file data-v4.csv (CSV, C-alpha atoms)
chain,number,residue,atom,x,y,z
A,1,MET,CA,113.9,135.5,116.1
A,2,THR,CA,116.2,132.8,117.5
A,3,LEU,CA,115.3,129.2,118.0
A,4,GLN,CA,116.2,129.6,121.6
A,5,GLU,CA,113.5,132.3,122.1
A,6,ILE,CA,110.9,130.2,120.3
A,7,VAL,CA,111.7,127.1,122.4
A,8,ALA,CA,111.4,129.2,125.6
A,9,GLN,CA,108.2,131.1,124.6
A,10,LEU,CA,106.4,128.1,123.3
A,11,ASN,CA,107.6,125.9,126.1
A,12,LEU,CA,108.8,123.2,123.6
A,13,THR,CA,110.3,119.9,124.8
A,14,CYS,CA,113.5,119.2,123.0
A,15,LEU,CA,113.5,115.5,121.9
A,16,THR,CA,116.9,115.5,120.3
A,17,LYS,CA,120.2,116.4,122.1
A,18,PRO,CA,120.0,119.9,123.4
A,19,ARG,CA,122.3,122.4,121.7
A,20,ASP,CA,122.9,126.1,121.8
A,21,PHE,CA,119.9,127.4,119.8
A,22,SER,CA,120.6,131.1,120.5
A,23,ALA,CA,122.6,131.4,117.3
A,24,VAL,CA,120.0,129.7,115.1
A,25,GLU,CA,118.0,132.5,113.4
A,26,ILE,CA,114.5,131.5,112.3
A,27,ARG,CA,112.7,133.7,109.7
A,28,ASN,CA,110.3,131.4,107.9
A,29,GLY,CA,108.0,128.5,108.6
A,30,TYR,CA,105.8,125.9,107.0
A,31,ALA,CA,103.0,123.7,108.3
A,32,SER,CA,101.7,120.5,106.7
A,33,ASP,CA,101.4,116.8,107.6
A,34,LEU,CA,101.9,115.7,104.0
A,35,LEU,CA,105.6,115.1,103.4
A,36,SER,CA,105.3,115.4,99.7
A,37,CYS,CA,104.0,119.0,100.2
A,38,VAL,CA,106.7,119.8,102.7
A,39,MET,CA,109.4,118.7,100.3
A,40,ALA,CA,107.9,120.9,97.6
A,41,GLY,CA,106.9,123.9,99.7
A,42,ALA,CA,109.1,124.3,102.8
A,43,ARG,CA,112.1,126.6,102.6
A,44,HIS,CA,115.6,126.0,103.8
A,45,HIS,CA,116.5,126.8,107.4
A,46,GLY,CA,112.9,127.4,108.4
A,47,VAL,CA,110.8,125.8,111.1
A,48,TRP,CA,108.3,123.1,110.2
A,49,VAL,CA,105.2,122.5,112.3
A,50,THR,CA,103.5,119.1,111.9
A,51,LEU,CA,101.8,116.3,113.8
A,52,GLN,CA,103.4,113.8,111.5
A,53,SER,CA,105.8,111.7,113.5
A,54,HIS,CA,106.8,109.1,111.0
A,55,SER,CA,110.6,108.6,110.8
A,56,ASN,CA,110.5,110.0,107.2
A,57,ILE,CA,110.2,113.5,108.8
A,58,VAL,CA,113.9,113.3,109.7
A,59,ALA,CA,114.9,112.7,106.1
A,60,VAL,CA,112.7,115.5,104.9
A,61,ALA,CA,114.1,117.9,107.5
A,62,ALA,CA,117.7,116.9,106.7
A,63,LEU,CA,117.1,117.2,103.0
A,64,LEU,CA,115.7,120.8,103.4
A,65,GLU,CA,118.2,121.7,106.1
A,66,LEU,CA,115.3,122.8,108.3
A,67,SER,CA,116.4,124.4,111.6
A,68,ALA,CA,113.6,122.8,113.6
A,69,VAL,CA,110.7,120.4,113.4
A,70,ILE,CA,107.9,121.1,115.9
A,71,ILE,CA,105.7,118.0,116.4
A,72,THR,CA,102.3,119.0,117.8
A,73,GLU,CA,99.6,117.3,119.9
A,74,ASN,CA,102.1,115.2,121.7
A,75,SER,CA,102.5,113.0,118.7
A,76,ARG,CA,105.8,111.6,120.0
A,77,PRO,CA,108.0,109.9,117.5
A,78,GLU,CA,109.6,106.5,118.2
A,79,GLN,CA,113.0,106.6,119.9
A,80,GLU,CA,114.6,105.2,116.7
A,81,THR,CA,113.3,108.3,114.8
A,82,ILE,CA,114.8,110.6,117.5
A,83,ASP,CA,118.1,108.7,117.3
A,84,LYS,CA,118.1,109.2,113.5
A,85,ALA,CA,117.5,112.9,114.0
A,86,ASP,CA,120.5,113.2,116.3
A,87,GLU,CA,122.6,111.4,113.7
A,88,GLU,CA,121.4,113.7,111.0
A,89,GLY,CA,121.7,116.9,113.1
A,90,VAL,CA,117.9,117.5,112.9
A,91,ASN,CA,116.3,119.3,115.9
A,92,LEU,CA,113.0,117.8,117.0
A,93,PHE,CA,110.7,119.4,119.4
A,94,LEU,CA,107.4,118.3,121.0
A,95,THR,CA,104.4,120.2,122.3
A,96,ASP,CA,101.0,119.1,123.4
A,97,LYS,CA,99.5,122.2,121.6
A,98,PRO,CA,97.8,121.8,118.2
A,99,THR,CA,99.5,123.1,115.0
A,100,PHE,CA,97.1,126.0,114.8
A,101,TRP,CA,98.2,127.3,118.2
A,102,VAL,CA,101.9,126.9,117.4
A,103,VAL,CA,101.7,128.6,114.1
A,104,GLY,CA,99.7,131.5,115.7
A,105,LYS,CA,102.4,131.9,118.3
A,106,LEU,CA,105.2,131.9,115.7
A,107,TRP,CA,103.3,134.5,113.7
A,108,GLU,CA,102.9,136.7,116.9
A,109,MET,CA,106.6,136.4,117.5
A,110,GLY,CA,107.3,137.6,114.0
A,111,VAL,CA,108.1,134.5,112.1
A,112,ARG,CA,105.9,135.4,109.1
A,113,ASP,CA,107.8,134.3,105.9
A,114,SER,CA,106.5,131.2,104.3
S,1,MET,CA,101.3,77.7,84.4
S,2,GLN,CA,97.9,79.3,84.6
S,3,VAL,CA,96.8,82.8,83.4
S,4,TYR,CA,95.0,84.9,85.9
S,5,VAL,CA,93.2,88.1,85.2
S,6,ALA,CA,93.3,89.9,88.5
S,7,GLU,CA,91.5,92.8,90.2
S,8,LEU,CA,93.1,93.1,93.7
S,9,HIS,CA,91.3,96.0,95.2
S,10,VAL,CA,87.5,95.7,95.5
S,11,HIS,CA,85.2,97.2,98.1
S,12,THR,CA,81.8,95.8,99.2
S,13,VAL,CA,78.9,97.5,100.8
S,14,LEU,CA,80.8,97.2,104.1
S,15,SER,CA,82.9,100.2,103.0
S,16,PRO,CA,80.8,103.3,103.6
S,17,CYS,CA,82.1,104.9,100.3
S,18,ALA,CA,81.1,101.9,98.2
S,19,GLU,CA,77.9,101.8,96.1
S,20,VAL,CA,75.0,99.7,97.3
S,21,GLU,CA,75.4,97.5,94.2
S,22,MET,CA,78.7,96.1,95.7
S,23,ILE,CA,77.1,92.9,97.0
S,24,PRO,CA,78.7,89.4,96.7
S,25,PRO,CA,76.6,88.0,93.8
S,26,LEU,CA,76.9,91.1,91.6
S,27,ILE,CA,80.6,91.4,92.3
S,28,VAL,CA,81.2,87.8,91.3
S,29,ARG,CA,79.0,88.0,88.2
S,30,THR,CA,80.6,91.2,87.0
S,31,ALA,CA,84.1,89.8,87.5
S,32,LEU,CA,83.2,86.6,85.6
S,33,GLU,CA,81.6,88.6,82.8
S,34,ARG,CA,84.8,90.5,82.4
S,35,GLY,CA,87.1,87.5,82.3
S,36,ILE,CA,88.5,88.1,85.8
S,37,ASN,CA,89.4,85.0,87.7
S,38,LEU,CA,91.3,86.4,90.6
S,39,LEU,CA,89.8,89.0,92.9
S,40,ALA,CA,90.7,90.4,96.3
S,41,ILE,CA,88.1,91.9,98.6
S,42,THR,CA,89.5,94.8,100.4
S,43,ASP,CA,87.2,96.8,102.6
S,44,HIS,CA,88.4,99.7,104.8
S,45,ASN,CA,89.7,98.3,108.1
S,46,ALA,CA,87.2,95.5,107.9
S,47,SER,CA,86.7,92.1,106.5
S,48,ALA,CA,83.2,90.9,107.5
S,49,ASN,CA,82.0,90.5,103.9
S,50,VAL,CA,85.0,88.5,102.5
S,51,GLU,CA,83.6,85.1,103.3
S,52,ALA,CA,80.3,86.0,101.7
S,53,VAL,CA,82.0,86.9,98.5
S,54,MET,CA,84.1,83.7,98.6
S,55,ARG,CA,80.9,81.7,99.1
S,56,ALA,CA,79.2,83.5,96.2
S,57,ALA,CA,82.2,82.6,94.0
S,58,GLN,CA,82.1,78.9,95.0
S,59,GLY,CA,81.9,76.6,92.0
S,60,SER,CA,82.8,79.3,89.6
S,61,ALA,CA,86.1,80.1,87.9
S,62,LEU,CA,86.7,83.0,90.3
S,63,THR,CA,89.2,82.8,93.1
S,64,VAL,CA,88.6,85.3,95.9
S,65,LEU,CA,91.6,86.3,98.0
S,66,PRO,CA,90.8,87.4,101.6
S,67,GLY,CA,92.0,91.0,102.1
S,68,MET,CA,91.6,94.4,103.6
S,69,GLU,CA,92.5,98.0,103.0
S,70,VAL,CA,93.9,99.1,106.3
S,71,GLN,CA,94.5,102.8,107.2
S,72,THR,CA,97.7,103.4,109.1
S,73,ARG,CA,98.4,106.1,111.6
S,74,GLU,CA,99.9,108.2,108.9
S,75,GLU,CA,96.6,108.0,107.0
S,76,VAL,CA,98.2,105.8,104.4
S,77,HIS,CA,95.9,103.2,102.8
S,78,MET,CA,97.5,99.8,102.4
S,79,LEU,CA,96.1,96.6,100.8
S,80,CYS,CA,96.6,93.5,103.0
S,81,LEU,CA,96.2,90.2,101.0
S,82,PHE,CA,96.0,86.8,102.5
S,83,ASP,CA,95.4,83.2,101.5
S,84,THR,CA,93.0,82.0,104.3
S,85,LEU,CA,90.1,83.4,106.3
S,86,GLU,CA,92.0,82.3,109.4
S,87,GLN,CA,94.9,84.7,108.6
S,88,LEU,CA,92.4,87.4,107.9
S,89,ALA,CA,90.6,86.8,111.1
S,90,ASP,CA,93.9,87.1,113.0
S,91,TRP,CA,94.7,90.3,111.2
S,92,GLN,CA,91.2,91.7,111.8
S,93,GLN,CA,91.6,91.2,115.5
S,94,GLN,CA,94.9,93.2,115.5
S,95,VAL,CA,93.2,96.0,113.5
S,96,ASP,CA,90.2,96.1,115.8
S,97,ALA,CA,92.6,96.5,118.8
S,98,HIS,CA,94.1,99.5,117.1
S,99,LEU,CA,91.0,101.2,115.7
S,100,PRO,CA,89.5,104.1,117.5
S,101,ASP,CA,86.0,103.4,118.8
S,102,LEU,CA,84.1,106.0,116.9
S,103,GLU,CA,80.5,105.6,115.9
S,104,ASN,CA,79.7,105.7,112.1
S,105,ASP,CA,77.4,108.5,111.0
S,106,ALA,CA,75.8,106.9,108.0
S,107,ASP,CA,74.4,110.2,106.8
S,108,LEU,CA,77.9,111.7,106.6
S,109,PHE,CA,80.0,108.7,105.6
S,110,GLY,CA,77.6,106.2,104.2
S,111,GLU,CA,76.2,102.9,105.3
S,112,GLN,CA,78.4,100.0,106.4
S,113,PHE,CA,76.5,96.8,105.6
S,114,VAL,CA,77.5,93.3,106.4
S,115,VAL,CA,75.6,90.9,104.0
S,116,ASP,CA,75.5,87.2,103.2
S,117,GLU,CA,76.5,85.5,100.0
S,118,THR,CA,73.1,86.4,98.3
S,119,GLY,CA,73.5,90.1,99.3
S,120,GLU,CA,70.9,89.9,102.0
S,121,PHE,CA,71.3,92.3,104.9
S,122,VAL,CA,72.9,90.8,108.1
S,123,ARG,CA,73.8,93.7,110.2
S,124,ARG,CA,75.3,97.2,110.2
S,125,GLU,CA,78.9,97.7,111.3
S,126,ARG,CA,78.6,100.2,114.1
S,127,ARG,CA,82.2,101.4,114.2
S,128,LEU,CA,83.4,104.1,111.8
S,129,LEU,CA,85.6,102.3,109.3
S,130,LEU,CA,87.0,105.4,107.7
S,131,ALA,CA,89.4,106.0,110.5
S,132,SER,CA,93.1,105.6,111.1
S,133,THR,CA,94.3,102.6,113.1
S,134,GLN,CA,97.0,103.4,115.6
S,135,MET,CA,99.5,101.2,113.7
S,136,THR,CA,102.3,102.8,111.9
S,137,LEU,CA,102.9,101.8,108.3
S,138,GLU,CA,106.0,99.8,109.4
S,139,GLU,CA,104.0,98.1,112.1
S,140,ALA,CA,101.1,97.2,109.9
S,141,ALA,CA,103.2,95.9,107.0
S,142,THR,CA,105.4,93.9,109.4
S,143,ARG,CA,102.4,92.3,111.1
S,144,VAL,CA,100.8,91.4,107.7
S,145,HIS,CA,104.2,90.0,106.6
S,146,VAL,CA,104.5,87.9,109.8
S,147,LEU,CA,101.0,86.5,109.1
S,148,GLY,CA,102.3,85.4,105.7
S,149,GLY,CA,100.3,88.1,103.8
S,150,LEU,CA,101.2,90.7,101.3
S,151,ALA,CA,101.3,94.4,102.2
S,152,ILE,CA,100.8,96.7,99.3
S,153,PRO,CA,100.4,100.5,99.9
S,154,ALA,CA,97.4,101.6,97.8
S,155,HIS,CA,97.0,104.2,95.1
S,156,ILE,CA,100.3,105.9,95.7
S,157,ASP,CA,99.7,108.4,92.9
S,158,ARG,CA,96.6,109.8,94.6
S,159,LYS,CA,96.6,113.1,96.5
S,160,ALA,CA,95.2,111.6,99.7
S,161,PHE,CA,95.7,108.4,101.7
S,162,SER,CA,98.8,107.7,99.7
S,163,LEU,CA,102.2,106.5,100.9
S,164,ILE,CA,104.1,108.9,98.5
S,165,THR,CA,101.8,111.9,99.2
S,166,ASN,CA,101.7,111.5,103.0
S,167,LEU,CA,105.2,110.2,103.6
S,168,GLY,CA,107.1,111.6,100.7
S,169,PHE,CA,109.0,108.4,99.8
S,170,VAL,CA,109.1,104.7,100.6
S,171,PRO,CA,110.6,104.1,104.0
S,172,GLU,CA,113.4,101.6,104.1
S,173,GLY,CA,113.2,98.2,105.6
S,174,VAL,CA,109.5,97.8,105.5
S,175,PRO,CA,108.3,94.5,104.0
S,176,LEU,CA,106.2,95.8,101.1
S,177,ALA,CA,105.3,93.2,98.5
S,178,ALA,CA,104.4,95.9,95.9
S,179,LEU,CA,102.9,99.4,95.4
S,180,GLU,CA,99.6,100.0,93.8
S,181,ILE,CA,99.0,102.7,91.2
S,182,THR,CA,95.6,103.9,89.9
S,183,ARG,CA,94.4,103.7,86.3
S,184,HIS,CA,95.2,107.4,85.9
S,185,ILE,CA,98.8,106.7,85.4
S,186,THR,CA,100.9,104.0,83.6
S,187,PRO,CA,103.6,102.0,85.4
S,188,ALA,CA,106.2,103.8,83.2
S,189,GLN,CA,104.8,107.2,84.2
S,190,ALA,CA,104.7,106.2,87.8
S,191,ARG,CA,108.3,105.1,87.9
S,192,GLN,CA,109.3,108.3,86.2
S,193,ARG,CA,107.2,110.6,88.4
S,194,PHE,CA,108.2,108.8,91.6
S,195,PRO,CA,111.8,107.6,91.2
S,196,GLN,CA,111.6,106.9,94.9
S,197,ILE,CA,109.7,103.7,94.0
S,198,GLY,CA,113.0,102.1,93.1
S,199,ASP,CA,112.7,98.5,92.1
S,200,ILE,CA,109.6,97.7,94.1
S,201,PRO,CA,107.0,95.8,92.0
S,202,LEU,CA,103.9,97.7,91.0
S,203,ILE,CA,100.3,96.6,90.7
S,204,GLN,CA,97.5,98.5,89.0
S,205,SER,CA,93.9,98.1,90.1
S,206,GLY,CA,90.5,99.8,89.9
S,207,ASP,CA,90.0,100.5,93.6
S,208,ALA,CA,86.4,99.4,92.7
S,209,HIS,CA,83.7,101.1,94.7
S,210,GLN,CA,81.1,100.3,92.0
S,211,LEU,CA,80.7,97.4,89.6
S,212,ALA,CA,81.9,99.4,86.6
S,213,GLU,CA,85.3,99.8,88.2
S,214,ILE,CA,85.9,96.1,88.3
S,215,THR,CA,87.9,95.8,85.1
S,216,GLY,CA,90.9,93.6,85.9
S,217,PRO,CA,93.7,95.2,84.0
S,218,MET,CA,96.4,92.9,85.4
S,219,VAL,CA,97.3,89.5,83.9
S,220,LEU,CA,99.4,87.2,86.1
S,221,THR,CA,101.0,84.0,84.9
S,222,MET,CA,101.6,81.7,87.8
S,223,GLU,CA,101.1,78.2,89.1
S,224,SER,CA,98.1,78.8,91.4
S,225,PRO,CA,96.1,81.7,92.9
S,226,THR,CA,98.1,82.2,96.1
S,227,THR,CA,99.9,85.1,97.7
S,228,ALA,CA,103.2,83.2,97.4
S,229,GLU,CA,102.7,82.8,93.7
S,230,LEU,CA,101.6,86.4,93.5
S,231,ARG,CA,104.8,87.5,95.1
S,232,LEU,CA,106.8,85.6,92.5
S,233,ALA,CA,104.7,86.9,89.6
S,234,LEU,CA,105.0,90.5,90.7
S,235,ALA,CA,108.8,90.1,90.9
S,236,ASN,CA,108.8,88.3,87.5
S,237,ARG,CA,110.7,85.4,89.0
S,238,ALA,CA,110.7,81.6,88.5
S,239,GLY,CA,108.9,81.7,85.2
S,240,ARG,CA,106.0,83.7,86.7
S,241,SER,CA,105.1,87.1,85.3
S,242,ALA,CA,102.7,90.1,85.7
S,243,VAL,CA,101.7,92.4,82.9
S,244,LEU,CA,99.0,95.0,82.3
S,245,LEU,CA,96.6,94.8,79.4
S,246,ARG,CA,95.9,98.1,77.7
S,247,ARG,CA,93.0,98.5,75.4
S,248,VAL,CA,94.2,99.5,71.9
S,249,ASP,CA,91.1,99.0,69.9
S,250,LYS,CA,88.5,101.5,71.0
S,251,SER,CA,85.8,100.1,68.7
S,252,GLU,CA,85.7,97.0,70.8
S,253,ALA,CA,85.6,98.9,74.0
S,254,GLU,CA,82.0,97.9,74.9
S,255,ASP,CA,82.5,94.3,74.1
S,256,LYS,CA,83.2,92.8,77.5
S,257,SER,CA,83.5,89.3,76.3
S,258,SER,CA,86.8,90.1,74.5
S,259,THR,CA,88.8,90.9,77.6
S,260,LEU,CA,91.8,88.9,76.5
S,261,ALA,CA,91.6,89.2,72.7
S,262,PRO,CA,95.1,90.2,71.5
S,263,SER,CA,93.6,92.4,68.8
S,264,VAL,CA,91.9,94.5,71.4
S,265,TYR,CA,94.6,94.6,74.0
S,266,GLU,CA,98.4,95.1,74.1
S,267,GLN,CA,100.7,94.2,77.0
S,268,GLU,CA,102.5,96.7,79.1
S,269,SER,CA,105.0,95.6,81.7
S,270,LEU,CA,104.6,96.6,85.3

call {"tool": "encode", "arguments": {"input": "data-v4.csv", "output": "structure tokens"}}
result
Amino acid sequence: MTLQEIVAQLNLTCLTKPRDFSAVEIRNGYASDLLSCVMAGARHHGVWVTLQSHSNIVAVAALLELSAVIITENSRPEQETIDKADEEGVNLFLTDKPTFWVVGKLWEMGVRDS
Amino acid sequence: MQVYVAELHVHTVLSPCAEVEMIPPLIVRTALERGINLLAITDHNASANVEAVMRAAQGSALTVLPGMEVQTREEVHMLCLFDTLEQLADWQQQVDAHLPDLENDADLFGEQFVVDETGEFVRRERRLLLASTQMTLEEAATRVHVLGGLAIPAHIDRKAFSLITNLGFVPEGVPLAALEITRHITPAQARQRFPQIGDIPLIQSGDAHQLAEITGPMVLTMESPTTAELRLALANRAGRSAVLLRRVDKSEAEDKSSTLAPSVYEQESL
């Protein structure tokens, strides 16, 4: 599954600078709003679904080299956080859907490794 | 210099999770019995009982700092300590403007009582206080700092409502005066387990929801009981200092009058 397909099917808004996501392969995902858990539990290159929009999400995503962060329930981060994500090469996406819905869709699409 | 035995995180019956015994005269009496002479009242997102505790302590050796335990948007609990009721009133207004208007269900969350200095019922707080304000941690800490207060994220070693648990590490550039740890961990253990603390001062407190949890483990040497002095003491600057007292003699454990006896306690740096 490519990030491009995920963005299209889930109708995600790209908050950071748009790139070519068709070459970004996503196989695993993680969902939590507690950053300490994410740091301990999320795997490299996966997608992370959260409604946490604090700027620390960028550092965590960069640290784990996550391919995408999907922020749910329209919990839009501050512009500063988005700028920081661009600097760090972290892809931030926004949706008005809740985490449960997003994870369900990802599962349906075949992203099933945790 | 004066010596202050401090307990900086105490709830009253205004906090739905606090025991009904947490009324001003009993809080003051318990603190005095245990040799505590500096106390901060910190209810969840609220401050309506602070003045009553200050009144109850009037004429005693106990100084009460006006405070609050605010819940930020990230569900991080943070102590906000001030010097005056005016500062606290200003802060309360800002918190009120950022608190969702949810009704408290006392059966589910507990009663939220506003009381007077004798502990008599005044009114019930209608709004649910166990809720997140819409202020981010940065915003809340900055606003407290601008008012001249101290912003201290609470119980960072807990699994919930904790800066470290919820946000992973301490964000840079936020004016935090200190970080609070619980009694379940020593300062040395905390610094080892959470290297992300860096050189930020620590405090330890009981997060007292019942009288038995008011124990005052922290001893501050400073000129006067103000937040400015507290800031210096926590940083161990200008001749001020802050240490923890750890009980070493278990046989004396029940003797509350001996709070400061050197044979019973040893010092531990923060």

call {"tool": "residues_around", "arguments": {"input": "data-v4.csv", "residues": "segment 50-66 of chain S", "least_positions_apart": "5", "cutoff": "6 Å", "atoms": "all atoms listed in the file", "output": "PyMOL selection string"}}
result
chain S and resi 24-25+28+37-40+82+116-117

call {"tool": "closest_residue", "arguments": {"input": "data-v4.csv", "among": "S:Asn166, S:Gln2, S:Thr136, S:Gln267", "to": "Glu78 of chain A", "atoms": "all atoms listed in the file"}}
result
S:Thr136

call {"tool": "closest_residue", "arguments": {"input": "data-v4.csv", "among": "A:Leu63, A:Met109, A:Cys37, A:Val58", "to": "chain S", "atoms": "all atoms listed in the file"}}
result
A:Cys37

call {"tool": "atom_distance", "arguments": {"input": "data-v4.csv", "atom1": "atom CA of Gln52 of chain A", "atom2": "atom CA of Glu172 of chain S"}}
result
17.4 Å

call {"tool": "residues_around", "arguments": {"input": "data-v4.csv", "residues": "Ile152 of chain S", "least_positions_apart": "3", "cutoff": "6 Å", "atoms": "all atoms listed in the file", "output": "NGL selection string"}}
result
:S and (78-79 or 176-179)

call {"tool": "write_last_selection", "arguments": {"input": "data-v4.csv", "atoms": "C-alpha atoms", "output": "PDB file, keeping the file's coordinate frame"}}
result
ATOM      1  CA  MET S  78      97.500  99.800 102.400  1.00  0.00           C
ATOM      2  CA  LEU S  79      96.100  96.600 100.800  1.00  0.00           C
ATOM      3  CA  LEU S 176     106.200  95.800 101.100  1.00  0.00           C
ATOM      4  CA  ALA S 177     105.300  93.200  98.500  1.00  0.00           C
ATOM      5  CA  ALA S 178     104.400  95.900  95.900  1.00  0.00           C
ATOM      6  CA  LEU S 179     102.900  99.400  95.400  1.00  0.00           C
TER       7      LEU S 179
END

call {"tool": "closest_atom_pairs", "arguments": {"input": "data-v4.csv", "of": "chain S", "to": "chain A", "cutoff": "10 Å", "atoms": "all atoms listed in the file", "output": "tab-separated table"}}
result
residue	atom	partner	partner_atom	distance
S:Arg73	CA	A:His54	CA	8.9
S:Glu74	CA	A:Gln52	CA	7.1
S:Glu75	CA	A:Leu34	CA	9.8
S:Thr136	CA	A:His54	CA	7.8
S:Leu137	CA	A:His54	CA	8.7
S:Glu138	CA	A:His54	CA	9.5
S:Lys159	CA	A:Leu34	CA	9.5
S:Ala160	CA	A:Leu34	CA	9.0
S:Phe161	CA	A:Leu34	CA	9.8
S:Ser162	CA	A:Leu34	CA	9.6
S:Leu163	CA	A:Ser36	CA	9.5
S:Ile164	CA	A:Ser36	CA	6.7
S:Thr165	CA	A:Ser36	CA	5.0
S:Asn166	CA	A:Leu34	CA	4.3
S:Leu167	CA	A:Leu35	CA	4.9
S:Gly168	CA	A:Ser36	CA	4.3
S:Phe169	CA	A:Asn56	CA	7.7
S:Val170	CA	A:Asn56	CA	8.6
S:Pro171	CA	A:Asn56	CA	6.7
S:Glu172	CA	A:Asn56	CA	9.4

call {"tool": "closest_residue", "arguments": {"input": "data-v4.csv", "among": "S:Ala235, S:Met1, S:Ala208, S:Cys80", "to": "Ile27 of chain S", "atoms": "all atoms listed in the file"}}
result
S:Ala208

call {"tool": "residues_near_point", "arguments": {"input": "data-v4.csv", "point": "(106.8, 119.7, 111.6)", "cutoff": "6 Å", "atoms": "all atoms listed in the file", "output": "PyMOL selection string"}}
result
chain A and resi 48-50+69-71

call {"tool": "atom_distance", "arguments": {"input": "data-v4.csv", "atom1": "atom CA of Pro175 of chain S", "atom2": "atom CA of Glu87 of chain A"}}
result
24.2 Å

call {"tool": "atom_distance", "arguments": {"input": "data-v4.csv", "atom1": "atom CA of Thr12 of chain S", "atom2": "atom CA of Thr42 of chain S"}}
result
7.9 Å

call {"tool": "closest_residue", "arguments": {"input": "data-v4.csv", "among": "A:Phe93, A:Phe100, A:Glu88, A:Arg112", "to": "Val7 of chain A", "atoms": "only C-alpha atoms"}}
result
A:Phe93

call {"tool": "residues_around", "arguments": {"input": "data-v4.csv", "residues": "Ala212 of chain S", "least_positions_apart": "2", "cutoff": "10 Å", "atoms": "all atoms listed in the file", "output": "compact mmCIF listing (two decimals) with C-alpha atoms, in the frame of the given file"}}
result
# COMPACT_ATOMS: atom_id res chain seq x y z
CA ILE S 27 80.60 91.40 92.30
CA THR S 30 80.60 91.20 87.00
CA ALA S 31 84.10 89.80 87.50
CA GLY S 206 90.50 99.80 89.90
CA ALA S 208 86.40 99.40 92.70
CA HIS S 209 83.70 101.10 94.70
CA GLN S 210 81.10 100.30 92.00
CA ILE S 214 85.90 96.10 88.30
CA THR S 215 87.90 95.80 85.10

call {"tool": "closest_residue", "arguments": {"input": "data-v4.csv", "among": "S:Arg240, S:Thr221, S:Leu230, S:Ile181", "to": "Phe194 of chain S", "atoms": "only C-alpha atoms"}}
result
S:Ile181

call {"tool": "residues_around", "arguments": {"input": "data-v4.csv", "residues": "Pro18 of chain A", "least_positions_apart": "2", "cutoff": "10 Å", "atoms": "all atoms listed in the file", "output": "list in words"}}
result
Thr13, Cys14, Leu15, Thr16, Asp20, Phe21, Asp86, Asn91 and Leu92 of chain A

call {"tool": "closest_residue", "arguments": {"input": "data-v4.csv", "among": "S:Gln112, S:Thr118, S:Gln204, S:Asn236", "to": "Val5 of chain S", "atoms": "all atoms listed in the file"}}
result
S:Gln204
